[in-house]
Structures are given as C-alpha cells and as structure tokens.
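Participant: Data file input.cif (mmCIF, C-alpha atoms) is appended below.
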data_input
loop_
_atom_site.label_atom_id
_atom_site.label_comp_id
_atom_site.auth_asym_id
_atom_site.auth_seq_id
_atom_site.Cartn_x
_atom_site.Cartn_y
_atom_site.Cartn_z
CA MET A 1 -87.66 -69.31 -200.19
CA LYS A 2 -90.70 -68.33 -198.18
CA LYS A 3 -89.89 -71.09 -195.73
CA LEU A 4 -86.40 -69.67 -195.41
CA THR A 5 -87.78 -66.22 -194.73
CA SER A 6 -90.13 -67.55 -192.07
CA PHE A 7 -87.32 -69.52 -190.53
CA ALA A 8 -85.06 -66.48 -190.44
CA LEU A 9 -87.83 -64.48 -188.82
CA ILE A 10 -88.45 -67.11 -186.16
CA ALA A 11 -84.73 -67.44 -185.51
CA PHE A 12 -84.50 -63.68 -185.13
CA LEU A 13 -87.43 -63.55 -182.71
CA LEU A 14 -86.00 -66.40 -180.66
CA PHE A 15 -82.64 -64.66 -180.63
CA ILE A 16 -84.26 -61.51 -179.27
CA SER A 17 -86.12 -63.33 -176.52
CA THR A 18 -83.01 -65.31 -175.62
CA GLN A 19 -81.03 -62.08 -175.35
CA ALA A 20 -83.67 -60.63 -173.08
CA LEU A 21 -83.34 -63.62 -170.79
CA ALA A 22 -79.58 -63.89 -171.02
CA THR A 23 -78.83 -60.41 -169.69
CA ASN A 24 -77.85 -60.64 -166.04
CA LYS A 25 -80.26 -58.56 -164.02
CA VAL A 26 -80.82 -58.80 -160.30
CA VAL A 27 -83.07 -56.96 -157.88
CA ILE A 28 -82.04 -57.12 -154.23
CA GLN A 29 -84.75 -56.37 -151.69
CA VAL A 30 -84.02 -54.65 -148.39
CA SER A 31 -87.14 -54.60 -146.22
CA SER A 32 -85.51 -55.18 -142.85
CA ASN A 33 -83.73 -52.79 -140.47
CA ASP A 34 -81.41 -55.57 -139.30
CA PRO A 35 -77.83 -54.25 -139.85
CA THR A 36 -76.48 -57.71 -140.76
CA THR A 37 -79.15 -58.23 -143.42
CA GLN A 38 -78.46 -54.77 -144.82
CA THR A 39 -74.71 -55.39 -144.96
CA ILE A 40 -75.27 -58.72 -146.70
CA ALA A 41 -77.43 -56.97 -149.32
CA LEU A 42 -74.56 -54.61 -150.15
CA ASN A 43 -72.03 -57.49 -150.12
CA ASN A 44 -74.28 -59.47 -152.48
CA ALA A 45 -74.31 -56.62 -154.97
CA VAL A 46 -70.52 -56.26 -154.82
CA ASN A 47 -69.99 -60.02 -155.25
CA LEU A 48 -72.30 -60.06 -158.27
CA GLN A 49 -70.39 -57.20 -159.89
CA LYS A 50 -67.03 -58.84 -159.17
CA ALA A 51 -68.15 -62.20 -160.53
CA MET A 52 -69.88 -61.02 -163.69
CA GLY A 53 -67.92 -57.86 -164.45
CA MET A 54 -69.49 -54.47 -163.85
CA ASP A 55 -70.72 -54.16 -167.46
CA ASN A 56 -72.38 -57.58 -167.53
CA VAL A 57 -74.91 -57.28 -164.75
CA GLU A 58 -77.56 -54.76 -163.82
CA ILE A 59 -78.18 -54.55 -160.10
CA GLU A 60 -80.91 -52.62 -158.36
CA ILE A 61 -81.31 -52.52 -154.59
CA VAL A 62 -84.87 -51.61 -153.61
CA ALA A 63 -85.44 -50.57 -150.00
CA TYR A 64 -88.85 -50.22 -148.41
CA GLY A 65 -90.52 -50.35 -145.00
CA PRO A 66 -88.02 -50.80 -142.17
CA GLY A 67 -85.33 -51.27 -144.85
CA LEU A 68 -85.52 -47.65 -146.02
CA GLY A 69 -83.06 -46.54 -143.33
CA LEU A 70 -80.18 -48.12 -145.27
CA LEU A 71 -80.57 -45.47 -147.97
CA THR A 72 -80.69 -42.45 -145.66
CA GLN A 73 -77.81 -40.35 -144.40
CA LYS A 74 -78.50 -41.62 -140.89
CA SER A 75 -77.35 -45.11 -141.90
CA ASP A 76 -73.93 -46.31 -140.74
CA GLN A 77 -73.50 -47.43 -144.33
CA THR A 78 -74.28 -44.12 -146.03
CA LYS A 79 -70.72 -43.71 -147.38
CA ARG A 80 -70.67 -47.22 -148.76
CA VAL A 81 -74.09 -46.75 -150.38
CA ALA A 82 -72.93 -43.49 -152.00
CA SER A 83 -69.79 -45.18 -153.25
CA LEU A 84 -71.67 -48.17 -154.69
CA ALA A 85 -74.24 -45.84 -156.30
CA ALA A 86 -71.31 -44.16 -158.06
CA GLN A 87 -70.10 -47.49 -159.42
CA ASP A 88 -73.25 -48.49 -161.27
CA ILE A 89 -75.38 -50.12 -158.56
CA LYS A 90 -78.82 -48.57 -158.64
CA PHE A 91 -80.54 -47.74 -155.34
CA SER A 92 -84.30 -47.20 -155.22
CA ALA A 93 -86.08 -45.85 -152.15
CA CYS A 94 -89.80 -46.53 -151.72
CA GLY A 95 -91.89 -43.37 -152.11
CA ASN A 96 -94.74 -44.82 -150.04
CA THR A 97 -92.40 -45.47 -147.13
CA ILE A 98 -90.91 -41.97 -147.40
CA LYS A 99 -94.41 -40.46 -147.21
CA LYS A 100 -95.26 -42.59 -144.17
CA VAL A 101 -92.04 -41.68 -142.33
CA THR A 102 -92.50 -38.01 -143.17
CA LYS A 103 -96.06 -38.04 -141.83
CA LYS A 104 -95.02 -39.84 -138.66
CA THR A 105 -91.86 -37.88 -137.83
CA GLY A 106 -92.83 -34.53 -139.30
CA LYS A 107 -89.74 -34.38 -141.51
CA SER A 108 -88.75 -36.26 -144.62
CA PRO A 109 -85.79 -38.64 -144.40
CA VAL A 110 -82.61 -37.35 -146.07
CA LEU A 111 -81.55 -39.85 -148.71
CA THR A 112 -77.94 -40.67 -149.50
CA GLU A 113 -76.48 -39.14 -152.65
CA GLY A 114 -77.18 -41.25 -155.70
CA VAL A 115 -80.35 -42.86 -154.33
CA GLU A 116 -83.46 -42.49 -156.51
CA ILE A 117 -87.08 -42.50 -155.38
CA VAL A 118 -89.59 -44.92 -156.92
CA PRO A 119 -93.34 -44.51 -156.27
CA GLY A 120 -93.63 -47.89 -154.54
CA GLY A 121 -90.92 -50.34 -153.55
CA VAL A 122 -93.01 -53.49 -153.91
CA VAL A 123 -94.45 -52.39 -157.25
CA ARG A 124 -90.91 -51.70 -158.46
CA ILE A 125 -89.74 -55.18 -157.37
CA MET A 126 -92.69 -56.76 -159.18
CA GLU A 127 -92.00 -54.79 -162.35
CA LEU A 128 -88.30 -55.68 -162.36
CA GLN A 129 -89.13 -59.39 -162.03
CA GLN A 130 -91.56 -59.01 -164.95
CA GLN A 131 -88.60 -57.60 -166.92
CA GLY A 132 -86.56 -60.72 -166.20
CA TYR A 133 -84.70 -59.62 -163.10
CA ALA A 134 -83.74 -62.40 -160.71
CA TYR A 135 -84.79 -61.73 -157.10
CA ILE A 136 -82.61 -61.90 -154.02
CA ARG A 137 -83.89 -61.26 -150.51
CA PRO A 138 -80.92 -61.52 -148.11
CA MET B 139 -97.48 -76.93 -197.56
CA LYS B 140 -94.96 -74.27 -196.66
CA LYS B 141 -97.43 -72.80 -194.23
CA LEU B 142 -97.79 -76.22 -192.64
CA THR B 143 -94.04 -76.52 -192.27
CA SER B 144 -93.82 -73.11 -190.64
CA PHE B 145 -96.68 -73.96 -188.35
CA ALA B 146 -95.07 -77.23 -187.34
CA LEU B 147 -91.82 -75.42 -186.64
CA ILE B 148 -93.52 -72.80 -184.48
CA ALA B 149 -95.48 -75.46 -182.63
CA PHE B 150 -92.26 -77.36 -181.99
CA LEU B 151 -90.47 -74.27 -180.70
CA LEU B 152 -93.40 -73.41 -178.44
CA PHE B 153 -93.45 -76.99 -177.19
CA ILE B 154 -89.76 -76.78 -176.31
CA SER B 155 -90.14 -73.52 -174.43
CA THR B 156 -93.23 -74.82 -172.63
CA GLN B 157 -91.32 -77.90 -171.56
CA ALA B 158 -88.50 -75.77 -170.23
CA LEU B 159 -90.99 -73.86 -168.10
CA ALA B 160 -93.00 -76.89 -167.02
CA THR B 161 -90.15 -78.72 -165.31
CA ASN B 162 -90.37 -78.22 -161.57
CA LYS B 163 -87.19 -76.56 -160.39
CA VAL B 164 -86.73 -74.73 -157.12
CA VAL B 165 -83.79 -72.97 -155.52
CA ILE B 166 -84.01 -72.49 -151.75
CA GLN B 167 -81.80 -69.79 -150.28
CA VAL B 168 -80.25 -70.07 -146.83
CA SER B 169 -78.53 -66.82 -145.89
CA SER B 170 -79.41 -66.75 -142.20
CA ASN B 171 -77.87 -68.51 -139.21
CA ASP B 172 -81.24 -68.71 -137.49
CA PRO B 173 -81.81 -72.42 -136.67
CA THR B 174 -85.58 -72.20 -137.26
CA THR B 175 -85.10 -70.68 -140.72
CA GLN B 176 -82.53 -73.35 -141.56
CA THR B 177 -84.84 -76.16 -140.41
CA ILE B 178 -87.70 -74.71 -142.46
CA ALA B 179 -85.44 -74.66 -145.54
CA LEU B 180 -84.80 -78.40 -145.17
CA ASN B 181 -88.50 -79.10 -144.44
CA ASN B 182 -89.47 -77.12 -147.56
CA ALA B 183 -87.21 -79.29 -149.71
CA VAL B 184 -88.64 -82.49 -148.24
CA ASN B 185 -92.24 -81.30 -148.69
CA LEU B 186 -91.55 -80.40 -152.32
CA GLN B 187 -90.09 -83.86 -152.99
CA LYS B 188 -93.01 -85.58 -151.24
CA ALA B 189 -95.62 -83.54 -153.12
CA MET B 190 -94.12 -83.75 -156.61
CA GLY B 191 -92.34 -87.10 -156.43
CA MET B 192 -88.57 -87.22 -156.21
CA ASP B 193 -88.13 -87.56 -159.98
CA ASN B 194 -90.36 -84.63 -160.85
CA VAL B 195 -88.63 -81.77 -159.10
CA GLU B 196 -85.07 -80.47 -159.02
CA ILE B 197 -84.18 -78.82 -155.72
CA GLU B 198 -81.03 -76.92 -154.93
CA ILE B 199 -80.34 -75.38 -151.55
CA VAL B 200 -77.78 -72.58 -151.81
CA ALA B 201 -76.19 -71.39 -148.56
CA TYR B 202 -74.12 -68.24 -148.25
CA GLY B 203 -73.09 -65.67 -145.66
CA PRO B 204 -74.32 -66.54 -142.17
CA GLY B 205 -76.28 -69.42 -143.76
CA LEU B 206 -73.13 -71.35 -144.68
CA GLY B 207 -72.99 -72.98 -141.24
CA LEU B 208 -75.93 -75.23 -142.15
CA LEU B 209 -73.74 -77.07 -144.65
CA THR B 210 -70.77 -77.63 -142.33
CA GLN B 211 -70.11 -80.54 -140.01
CA LYS B 212 -70.52 -78.19 -137.05
CA SER B 213 -74.22 -77.82 -137.81
CA ASP B 214 -76.74 -79.66 -135.62
CA GLN B 215 -78.32 -80.69 -138.89
CA THR B 216 -75.25 -82.18 -140.55
CA LYS B 217 -76.67 -85.73 -140.53
CA ARG B 218 -79.95 -84.58 -142.05
CA VAL B 219 -78.13 -82.56 -144.71
CA ALA B 220 -75.99 -85.58 -145.63
CA SER B 221 -79.07 -87.79 -145.80
CA LEU B 222 -80.98 -85.32 -148.00
CA ALA B 223 -77.93 -84.86 -150.25
CA ALA B 224 -77.98 -88.63 -150.76
CA GLN B 225 -81.63 -88.51 -151.84
CA ASP B 226 -81.26 -86.09 -154.71
CA ILE B 227 -81.40 -82.69 -153.03
CA LYS B 228 -78.47 -80.62 -154.21
CA PHE B 229 -76.56 -78.50 -151.67
CA SER B 230 -74.33 -75.67 -152.83
CA ALA B 231 -71.99 -73.82 -150.50
CA CYS B 232 -70.82 -70.31 -151.44
CA GLY B 233 -67.11 -70.23 -152.32
CA ASN B 234 -66.84 -66.52 -151.48
CA THR B 235 -68.16 -67.15 -147.98
CA ILE B 236 -65.79 -70.11 -147.49
CA LYS B 237 -62.83 -67.89 -148.43
CA LYS B 238 -63.96 -65.18 -146.02
CA VAL B 239 -64.46 -67.61 -143.13
CA THR B 240 -61.10 -69.25 -143.84
CA LYS B 241 -59.34 -65.88 -143.83
CA LYS B 242 -61.04 -64.83 -140.62
CA THR B 243 -60.69 -68.04 -138.61
CA GLY B 244 -57.45 -69.34 -140.12
CA LYS B 245 -59.01 -72.67 -141.09
CA SER B 246 -61.47 -73.63 -143.77
CA PRO B 247 -64.92 -74.85 -142.70
CA VAL B 248 -65.44 -78.61 -143.06
CA LEU B 249 -68.43 -79.18 -145.31
CA THR B 250 -70.91 -81.99 -144.84
CA GLU B 251 -70.58 -84.96 -147.18
CA GLY B 252 -72.47 -84.43 -150.42
CA VAL B 253 -72.25 -80.63 -150.35
CA GLU B 254 -70.74 -79.01 -153.44
CA ILE B 255 -68.93 -75.67 -153.65
CA VAL B 256 -70.07 -72.99 -156.12
CA PRO B 257 -67.89 -69.92 -156.80
CA GLY B 258 -70.55 -67.52 -155.50
CA GLY B 259 -73.85 -68.24 -153.78
CA VAL B 260 -75.69 -65.17 -155.06
CA VAL B 261 -74.42 -65.64 -158.61
CA ARG B 262 -75.61 -69.24 -158.46
CA ILE B 263 -79.09 -68.21 -157.26
CA MET B 264 -79.31 -65.66 -160.09
CA GLU B 265 -78.24 -68.23 -162.68
CA LEU B 266 -80.75 -70.81 -161.44
CA GLN B 267 -83.58 -68.28 -161.68
CA GLN B 268 -82.45 -67.47 -165.24
CA GLN B 269 -82.80 -71.20 -165.94
CA GLY B 270 -86.41 -71.15 -164.76
CA TYR B 271 -85.96 -72.14 -161.13
CA ALA B 272 -88.59 -70.81 -158.75
CA TYR B 273 -87.11 -69.06 -155.70
CA ILE B 274 -87.92 -69.70 -152.07
CA ARG B 275 -86.38 -67.78 -149.18
CA PRO B 276 -87.70 -69.24 -145.93
CA MET C 277 -99.25 -64.38 -198.98
CA LYS C 278 -97.99 -67.41 -197.14
CA LYS C 279 -95.28 -65.29 -195.63
CA LEU C 280 -97.93 -62.88 -194.45
CA THR C 281 -99.90 -65.70 -192.85
CA SER C 282 -96.85 -66.99 -191.06
CA PHE C 283 -96.01 -63.50 -189.93
CA ALA C 284 -99.53 -62.98 -188.59
CA LEU C 285 -99.34 -66.28 -186.75
CA ILE C 286 -96.02 -65.42 -185.15
CA ALA C 287 -97.26 -61.97 -184.21
CA PHE C 288 -100.33 -63.56 -182.64
CA LEU C 289 -98.27 -66.05 -180.65
CA LEU C 290 -95.93 -63.33 -179.46
CA PHE C 291 -98.92 -61.23 -178.50
CA ILE C 292 -100.31 -64.09 -176.44
CA SER C 293 -97.05 -64.69 -174.61
CA THR C 294 -96.59 -60.97 -174.02
CA GLN C 295 -100.07 -60.78 -172.54
CA ALA C 296 -99.28 -63.68 -170.25
CA LEU C 297 -96.21 -61.86 -168.99
CA ALA C 298 -97.84 -58.45 -168.82
CA THR C 299 -100.56 -59.41 -166.34
CA ASN C 300 -99.55 -58.23 -162.89
CA LYS C 301 -99.41 -61.21 -160.58
CA VAL C 302 -97.63 -61.35 -157.24
CA VAL C 303 -97.26 -64.04 -154.61
CA ILE C 304 -96.32 -62.80 -151.14
CA GLN C 305 -94.79 -65.38 -148.81
CA VAL C 306 -95.38 -65.33 -145.06
CA SER C 307 -93.22 -67.95 -143.37
CA SER C 308 -92.33 -66.02 -140.23
CA ASN C 309 -94.26 -65.43 -137.00
CA ASP C 310 -92.67 -62.00 -136.60
CA PRO C 311 -95.58 -59.53 -136.26
CA THR C 312 -93.71 -56.77 -138.13
CA THR C 313 -92.99 -59.03 -141.09
CA GLN C 314 -96.61 -60.16 -141.15
CA THR C 315 -97.89 -56.57 -141.06
CA ILE C 316 -95.52 -55.62 -143.90
CA ALA C 317 -96.87 -58.51 -145.98
CA LEU C 318 -100.40 -57.14 -145.65
CA ASN C 319 -99.22 -53.56 -146.31
CA ASN C 320 -97.39 -54.75 -149.44
CA ALA C 321 -100.58 -56.29 -150.80
CA VAL C 322 -102.57 -53.12 -150.12
CA ASN C 323 -99.91 -50.91 -151.72
CA LEU C 324 -99.86 -53.13 -154.82
CA GLN C 325 -103.65 -52.90 -155.16
CA LYS C 326 -103.61 -49.12 -154.66
CA ALA C 327 -100.83 -48.61 -157.19
CA MET C 328 -102.10 -50.90 -159.95
CA GLY C 329 -105.84 -50.72 -159.36
CA MET C 330 -107.67 -53.65 -157.85
CA ASP C 331 -108.60 -55.12 -161.24
CA ASN C 332 -105.09 -54.98 -162.65
CA VAL C 333 -103.18 -57.15 -160.22
CA GLU C 334 -103.69 -60.63 -158.80
CA ILE C 335 -102.26 -61.01 -155.32
CA GLU C 336 -101.96 -64.22 -153.35
CA ILE C 337 -100.54 -64.36 -149.84
CA VAL C 338 -99.30 -67.85 -149.02
CA ALA C 339 -98.61 -68.61 -145.35
CA TYR C 340 -96.76 -71.67 -144.13
CA GLY C 341 -94.70 -72.86 -141.17
CA PRO C 342 -94.50 -70.26 -138.40
CA GLY C 343 -96.29 -67.84 -140.75
CA LEU C 344 -99.55 -69.79 -140.65
CA GLY C 345 -100.66 -67.98 -137.48
CA LEU C 346 -101.39 -64.83 -139.51
CA LEU C 347 -104.30 -66.61 -141.19
CA THR C 348 -105.91 -67.97 -138.02
CA GLN C 349 -108.51 -66.34 -135.81
CA LYS C 350 -105.91 -66.12 -133.04
CA SER C 351 -103.97 -63.54 -135.03
CA ASP C 352 -104.16 -59.88 -133.98
CA GLN C 353 -104.70 -59.22 -137.66
CA THR C 354 -107.64 -61.58 -138.22
CA LYS C 355 -110.09 -58.73 -138.94
CA ARG C 356 -107.73 -57.12 -141.42
CA VAL C 357 -107.11 -60.46 -143.14
CA ALA C 358 -110.87 -61.08 -143.44
CA SER C 359 -111.38 -57.59 -144.82
CA LEU C 360 -108.58 -57.95 -147.40
CA ALA C 361 -109.86 -61.41 -148.39
CA ALA C 362 -113.19 -59.74 -149.12
CA GLN C 363 -111.52 -57.21 -151.41
CA ASP C 364 -109.89 -59.62 -153.80
CA ILE C 365 -106.64 -60.55 -152.08
CA LYS C 366 -106.32 -64.32 -152.01
CA PHE C 367 -105.05 -66.00 -148.84
CA SER C 368 -103.72 -69.55 -148.96
CA ALA C 369 -102.91 -71.55 -145.84
CA CYS C 370 -100.49 -74.47 -146.07
CA GLY C 371 -102.22 -77.83 -145.59
CA ASN C 372 -99.00 -79.51 -144.48
CA THR C 373 -98.54 -76.95 -141.71
CA ILE C 374 -102.17 -77.31 -140.62
CA LYS C 375 -101.71 -81.10 -140.31
CA LYS C 376 -98.53 -80.63 -138.28
CA VAL C 377 -100.12 -78.10 -135.92
CA THR C 378 -103.19 -80.31 -135.50
CA LYS C 379 -101.05 -83.32 -134.67
CA LYS C 380 -98.97 -81.35 -132.19
CA THR C 381 -101.73 -79.45 -130.39
CA GLY C 382 -104.55 -81.96 -130.74
CA LYS C 383 -106.87 -79.46 -132.42
CA SER C 384 -106.86 -77.91 -135.86
CA PRO C 385 -106.22 -74.16 -136.14
CA VAL C 386 -109.33 -72.10 -136.90
CA LEU C 387 -108.70 -70.16 -140.08
CA THR C 388 -109.97 -66.65 -140.69
CA GLU C 389 -112.99 -66.30 -142.96
CA GLY C 390 -112.02 -66.12 -146.62
CA VAL C 391 -108.78 -68.07 -146.22
CA GLU C 392 -108.39 -71.11 -148.48
CA ILE C 393 -106.30 -74.21 -147.84
CA VAL C 394 -103.71 -75.39 -150.37
CA PRO C 395 -102.09 -78.83 -150.04
CA GLY C 396 -98.59 -77.39 -149.60
CA GLY C 397 -97.51 -73.78 -149.20
CA VAL C 398 -94.11 -74.15 -150.84
CA VAL C 399 -95.51 -76.15 -153.75
CA ARG C 400 -98.11 -73.43 -154.25
CA ILE C 401 -95.45 -70.69 -154.28
CA MET C 402 -93.43 -72.67 -156.83
CA GLU C 403 -96.47 -73.19 -159.05
CA LEU C 404 -97.44 -69.53 -158.94
CA GLN C 405 -93.93 -68.49 -159.99
CA GLN C 406 -94.15 -70.98 -162.86
CA GLN C 407 -97.35 -69.18 -163.88
CA GLY C 408 -95.51 -65.88 -164.04
CA TYR C 409 -96.17 -64.55 -160.56
CA ALA C 410 -93.52 -62.23 -159.16
CA TYR C 411 -92.31 -63.23 -155.69
CA ILE C 412 -92.10 -61.03 -152.61
CA ARG C 413 -90.80 -62.22 -149.27
CA PRO C 414 -91.12 -59.34 -146.78
#
Hey, can you dump this file as structure tokens for me?
Facilitator:
Amino acid sequence: MKKLTSFALIAFLLFISTQALATNKVVIQVSSNDPTTQTIALNNAVNLQKAMGMDNVEIEIVAYGPGLGLLTQKSDQTKRVASLAAQDIKFSACGNTIKKVTKKTGKSPVLTEGVEIVPGGVVRIMELQQQGYAYIRP
Amino acid sequence: MKKLTSFALIAFLLFISTQALATNKVVIQVSSNDPTTQTIALNNAVNLQKAMGMDNVEIEIVAYGPGLGLLTQKSDQTKRVASLAAQDIKFSACGNTIKKVTKKTGKSPVLTEGVEIVPGGVVRIMELQQQGYAYIRP
Amino acid sequence: MKKLTSFALIAFLLFISTQALATNKVVIQVSSNDPTTQTIALNNAVNLQKAMGMDNVEIEIVAYGPGLGLLTQKSDQTKRVASLAAQDIKFSACGNTIKKVTKKTGKSPVLTEGVEIVPGGVVRIMELQQQGYAYIRP
C-alpha cells in the first residue's frame, strides 16, 4: 500500500514536470534593425500560431538594442505589431534600451499599442528559457 | 524493503531523465541567405560530428525563409549538402517557405537529394528544443 | 514512516533539480565579425551582471568563426574584453577557428588577456546548453 502511494506520488510529480515541458512556449528575439529579419520574426510568430492553434502556444517577442525600433510607432510594421498583440502574441520592449535611446535622443520612443516594457530584454529572454521556452533568433 | 523499492524506482526514473539529457542533440538554424552564414552552418555540423564522433551526436539543420536556398539544387553548396546528408546529418526544409516560394515564382524549388520537408521550420525547431536539442544559430 | 522517508527523498531530489535549473547561466554566442553585433554581445553580458548581481549569474561568451576576432588583441574592443574577463565574465575562443586562422595566415592570433581556449566553439555552446545555460545570439 505504501509502495502504491509512493508510486502514485512519483507518477504525479512526473506528470507535472512533463506537462511543464509539453506546453508549447517560444521566445523570439529581435535584436537587429534589419527589416527582413524583423518581418521574419513576425512571420515566425504567425506560423507558430497557425500550426499549433492560438490556444496551444505561448509566444513572446522580445526586442532590444537595434531591434527595439520594431515595437515603436515609427516602425513600418506598427499596425501589424498592434494587430498581433491583440491576437495573443506578447511583445516585450527592453527597458534598458528605452533608457539609452531616451538619453541619447532626448525623448522616449513611443511604443506601439499592446507592447509591454520589461526591465531588461536579455534578462527576460534568459528567464523565459529557464521556464522552458524554446528560443528562436531569426 | 518498500523503501528500497521506492528508492530503486526513483533512481531508475532519474537515470532515464539523465540519459535523455545526456544524448548530444543539436539543431542548427539557417534562416539567412548570406553565403558566409550558410557555410558556417555546414562547418558547425561537421565540427560537431568530428568532435563527438558521428554516432554520438544527432544533428539537424533546419532551413526556412531566406535560408531555404541552401537546401535547393540552385545553391553553390548543393553537392556538400548532399554529401553531408549521406553521412548522417539531417536536413529539413520548411514546408511553409516552399509553398510561399512556389506561389511567388510559379514553380516549386528543387531540393537537394537527401533533404526532407517538414511542415514548418520554426515549429520543427521548437519541437526539437522541447526534445532536448541544443540550438545553434550561426 | 516509510512513506514519509520516500516523500522526503523525493522532495530532496526535486529540490536539487530545481536548484540546478534556478541558477542563472547564460552562454552568449559571437560568430559574426560585425562590430555592432560584437558590441551588443558585450553589452548583453554587462546588463545581465547588473540586473542579476555579479554573483548570481554565470556568463560565458563563446566566439568562433568570423567572431573570433573579438577576442584577439587586434579587436577595437580588446581593452573592454580584458576588463570584463577580470570581472567574472568568461571568454572562450574556439580552438578549431584558431587552427584554421593559423594555417591560413601563417601565424596564430594573439588572444586578449583572460581569454581561454576551448577545443571547439560549437561543441562548447552545445555542452553549456546541456548544463542548463540559456542561449543568446545577438
């Protein structure tokens, strides 16, 4: 009986860890200002959602350094970013980069609607990988 | 005695999960049409095989977007790709990209011998990471 | 009682594996000779250290292929690399690349003080990911 209880407990714990791994989670890094690379990042997110079903995958696009521009209203893609943010793709802008740009240009970049700020882009990407997110760098 | 049984079970389960992690598995992403980047991707695969021994590492090169060209017969590297495919390096071409190219150009790209098609390159890269593959993006 | 022992054992094992995952470890890949990309790699390491605290994150920058230059004394950044190496950021230069460069140019590249040589850059990056390192490719 005790063996059974132990076994059930182990099975339960394994089940939990398997679930944690089985969830589809992807972080997509945008650290380049190259328009092609930025477009591919957005396409990658859309393809993942189409393939897995919107409810079966968590996608976060983290932009930092020269990649931050993608998430500002100055980007050619601002409408597409806003639209994707509204359909469950999370966008995170690097707080460190925002501070740097603000200091350099004298004004803070205006982010696209739906974009959130994280303290540091690289720290965020590390943390997401620690939580089991797969990593894509287009 | 029951404690022993439980202990043996736990040890066995830990052993299994350790084994799963210990296997050397690497996915190399090619999403750029830059010839240098593409050459480095192939070199990386060869260096991994040389260092670990061909039987001790599973390597899959996944090409998508502008990187697809590497796996077609139009690539300067088509002979090298075919040769590497014959010596246990797996090449996966993105089905989504193939569809897009076919729609745009009116004809489907001719893949190099030994290259397989996966439904989506990014989905494949995510799945491989979920299976414990390390990720390299040259 | 036996159940309790088993439970304690499982809790202990889970604790150990959680600890292993919880340590902040990041490998940053430099495989490009683009000065901006190389600068971002160094900035990323500094931002990680600032955010987590120097004692709470292990950072290793692995340079290979065209990225090797960053770790040589010919790099514009050689002073910064030496200074970061002295403050607990690990720099690993790819032995395979060093051999290739030496063969091609007739002399071996002079590495910056504090830089270590690993047999293969890509193998090293794979191994670090297997050990739970998050991966960043700027």
Participant: Please compute the CA of Pro257 (chain B)-CA of Met52 (chain A) distance, one decimal, in Å.
Facilitator: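 Distance between the two atoms: 11.4 Å.
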Participant: Residues of chain B no more than 7 Å from chain A, counting all atoms listed in the file: send them over as an NGL selection string.
Facilitator: :B and (140 or 144 or 169 or 260-261 or 264 or 267-268)
Participant: Find the distance between CA of Ile98 (chain A) and CA of Val333 (chain C) and write it in Å to one decimal.
Facilitator: 23.4 Å
Participant: May I ask for the distance between CA of Gly203 (chain B) and CA of Thr235 (chain B), given in Å to one decimal place?
Facilitator: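 Separation of CA of Gly203 (chain B) and CA of Thr235 (chain B): 5.6 Å.
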Participant: Give me the result of the PyMOL selection byres ((chain B and resi 209-222) around 9) on this file, residue by residue, as a list of chain:residue names.
Facilitator: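 Output of the PyMOL selection byres ((chain B and resi 209-222) around 9): B:Pro173, B:Gln176, B:Thr177, B:Leu180, B:Ala183, B:Val184, B:Ala201, B:Gly205, B:Leu206, B:Gly207, B:Leu208, B:Ala223, B:Ala224, B:Gln225, B:Asp226, B:Ile227, B:Lys228, B:Phe229, B:Ser230, B:Ala231, B:Pro247, B:Val248, B:Leu249, B:Thr250, B:Glu251, B:Gly252, B:Val253.
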Participant: Take region 118-123 of chain A, model all heavy atoms, and hand the result over as an mmCIF file, keeping the file's coordinate frame.
Facilitator:
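Saved to rebuild07.cif:
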data_model
loop_
_atom_site.group_PDB
_atom_site.id
_atom_site.type_symbol
_atom_site.label_atom_id
_atom_site.label_comp_id
_atom_site.auth_asym_id
_atom_site.auth_seq_id
_atom_site.Cartn_x
_atom_site.Cartn_y
_atom_site.Cartn_z
ATOM 1 N N VAL A 118 -88.584 -44.291 -156.062
ATOM 2 C CA VAL A 118 -89.590 -44.920 -156.920
ATOM 3 C C VAL A 118 -90.942 -44.788 -156.198
ATOM 4 O O VAL A 118 -90.970 -44.739 -154.966
ATOM 5 C CB VAL A 118 -89.284 -46.411 -157.202
ATOM 6 C CG1 VAL A 118 -88.009 -46.549 -158.036
ATOM 7 C CG2 VAL A 118 -89.156 -47.206 -155.909
ATOM 8 N N PRO A 119 -92.043 -44.720 -156.939
ATOM 9 C CA PRO A 119 -93.340 -44.510 -156.270
ATOM 10 C C PRO A 119 -93.609 -45.568 -155.193
ATOM 11 O O PRO A 119 -93.961 -45.233 -154.073
ATOM 12 C CB PRO A 119 -94.353 -44.616 -157.419
ATOM 13 C CG PRO A 119 -93.582 -44.286 -158.662
ATOM 14 C CD PRO A 119 -92.181 -44.770 -158.421
ATOM 15 N N GLY A 120 -93.404 -46.831 -155.527
ATOM 16 C CA GLY A 120 -93.630 -47.890 -154.540
ATOM 17 C C GLY A 120 -92.573 -48.968 -154.660
ATOM 18 O O GLY A 120 -92.274 -49.444 -155.756
ATOM 19 N N GLY A 121 -91.997 -49.353 -153.520
ATOM 20 C CA GLY A 121 -90.920 -50.340 -153.550
ATOM 21 C C GLY A 121 -91.379 -51.695 -154.058
ATOM 22 O O GLY A 121 -90.735 -52.316 -154.897
ATOM 23 N N VAL A 122 -92.523 -52.162 -153.549
ATOM 24 C CA VAL A 122 -93.010 -53.490 -153.910
ATOM 25 C C VAL A 122 -93.429 -53.525 -155.389
ATOM 26 O O VAL A 122 -93.142 -54.491 -156.101
ATOM 27 C CB VAL A 122 -94.177 -53.902 -152.996
ATOM 28 C CG1 VAL A 122 -94.835 -55.164 -153.487
ATOM 29 C CG2 VAL A 122 -93.651 -54.117 -151.585
ATOM 30 N N VAL A 123 -94.080 -52.458 -155.837
ATOM 31 C CA VAL A 123 -94.450 -52.390 -157.250
ATOM 32 C C VAL A 123 -93.191 -52.445 -158.117
ATOM 33 O O VAL A 123 -93.138 -53.164 -159.119
ATOM 34 C CB VAL A 123 -95.245 -51.099 -157.545
ATOM 35 C CG1 VAL A 123 -95.454 -50.924 -159.042
ATOM 36 C CG2 VAL A 123 -96.587 -51.123 -156.827
#
